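Have a look at the structure below, then the notes.
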Amino acid sequence: MTNLDKARWISLLVPAGLLGGAYISQYGFGLFPCEMCWWQRYPHFAAIGLAILAFAFKPARWPVALAALAVLASGLIGAFHAGVENGWWEGFTRCTSMVQAGGDPLAAVLAAPITRCDEIQWSLMGISLAGFNFLISTTGALAALVLLGRRK
């Protein structure tokens with residue numbers, strides 16, 4: 001497996017795994033995302049699309065590089081969110097609610113759970129989900145970028 005192949009797989013599997021974990025925590029354990037949680041998901045969606053594109057194009061350096069940068073962007077948003085959760089700095093938003101599609105919109109808004117961006121919903125060893133996103137995303141993105149920089 002070449003370094004490009006390794007970077008390609010990292011750029012696909014890291015965001016797919018993190019999004020999978022986010023959706024399992026949301027739908028399996030009731031940890032509803034706040035607005036900043038959603039901000040972290042958007043670059044992962046882009047990274048998955050770019051990584052899939054990298055499997056179609058030869059040479060695939062540019063889509064892999066863009067996917068790695070998208071994963072890095074999600075990690076940096078996660079760092080910002082972790083700082084807001086820990087009170088290190090002020091966030092842009094206070095709270096948000098998640099509304100499910102379908103049915104009566106007013107009833108959905110009123111029944112939607114309020115999830116604050118500045119409160120930690122779950123942590124392990126003092127690290128929140130946003131903190132784990134930062135650690136995993138930045139490590140994966142930097143690994144992919146380093147692998148892209150190496151020719152052999």
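We label chains A, B, ... in the order they appear in the structure tokens, count residues from 1 in each chain, and number ligands from 1 in the order shown.
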| field | Contacts of stretch 77-86 of chain A at 8 Å (only C-alpha atoms; same-chain gap of 4+ positions) as an NGL selection string | value | :A and (36-37 or 39-40 or 73 or 90-91 or 117-120 or 128 or 130-134)
Mind dumping the selected residues with C-alpha atoms as a PDB file, in the first residue's frame?
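Everything below was put into selection-v6.pdb:
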ATOM      1  CA  MET A  36     -21.447  23.742  17.183  1.00  0.00           C
ATOM      2  CA  CYS A  37     -21.746  19.946  17.059  1.00  0.00           C
ATOM      3  CA  TRP A  39     -20.603  22.714  12.581  1.00  0.00           C
ATOM      4  CA  GLN A  40     -18.158  19.881  13.240  1.00  0.00           C
ATOM      5  CA  ALA A  73     -11.220  22.026   9.858  1.00  0.00           C
ATOM      6  CA  GLU A  90     -17.235  32.576  24.948  1.00  0.00           C
ATOM      7  CA  GLY A  91     -19.029  30.829  22.098  1.00  0.00           C
ATOM      8  CA  CYS A 117     -23.208  24.537  23.325  1.00  0.00           C
ATOM      9  CA  ASP A 118     -21.458  25.499  26.555  1.00  0.00           C
ATOM     10  CA  GLU A 119     -22.384  22.381  28.521  1.00  0.00           C
ATOM     11  CA  ILE A 120     -20.639  19.017  28.264  1.00  0.00           C
ATOM     12  CA  SER A 128     -15.817  15.793  25.817  1.00  0.00           C
ATOM     13  CA  ALA A 130     -15.837  17.840  20.908  1.00  0.00           C
ATOM     14  CA  GLY A 131     -12.446  17.257  22.508  1.00  0.00           C
ATOM     15  CA  PHE A 132     -12.285  13.739  21.080  1.00  0.00           C
ATOM     16  CA  ASN A 133     -13.224  15.111  17.668  1.00  0.00           C
ATOM     17  CA  PHE A 134     -10.334  17.561  17.961  1.00  0.00           C
TER      18      PHE A 134
END
| field | Selection: 12 Å around stretch 137-151 of chain A, only C-alpha atoms, excl. self and same-chain fewer than 4 positions, as a VMD selection string | value | chain A and resid 1 to 19 40 to 41 43 to 44 47 51 59 to 79 129 to 133
| task | Could you tell me how far atom CA of A:Pro33 lies from atom CA of A:Gly21, in Å and to one decimal? | result |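 Going from atom CA of A:Pro33 over to atom CA of A:Gly21 covers 12.2 Å.
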| task | Could you check how far atom CA of A:Phe32 sits from atom CA of A:Phe45, in Å to one decimal? | result |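 So the two atoms, atom CA of A:Phe32 and atom CA of A:Phe45, lie 18.1 Å apart.
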| Quick one: DSSP helix (DSSP H, G or I) residues in stretch 14-144 of chain A, as JSON, numbers by chain? | {"A": [14, 15, 16, 17, 18, 19, 20, 21, 22, 23, 24, 25, 26, 27, 28, 29, 35, 36, 37, 38, 39, 40, 41, 42, 43, 44, 45, 46, 47, 48, 49, 50, 51, 52, 53, 54, 55, 56, 61, 62, 63, 64, 65, 66, 67, 68, 69, 70, 71, 72, 73, 74, 75, 76, 77, 78, 79, 80, 81, 82, 83, 84, 85, 105, 106, 107, 108, 109, 110, 111, 129, 130, 131, 132, 133, 134, 135, 136, 137, 138, 139, 140, 141, 142, 143, 144]}
| task | Please run DSSP on the backbone and report, as a list in words, all residues within stretch 37-144 of chain A that come out as strand (DSSP E). | result |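 Filtering stretch 37-144 of chain A to strand (DSSP E) leaves Cys95, Thr96, Ser97, Ile114, Thr115, Arg116, Ser123, Leu124, Ile127 and Ser128 of chain A.
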| task | Tell me, in Å to one decimal, how far atom CA of A:Ile114 is from atom CA of A:Glu35. | result |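 Separating atom CA of A:Ile114 from atom CA of A:Glu35 is a distance of 10.5 Å.
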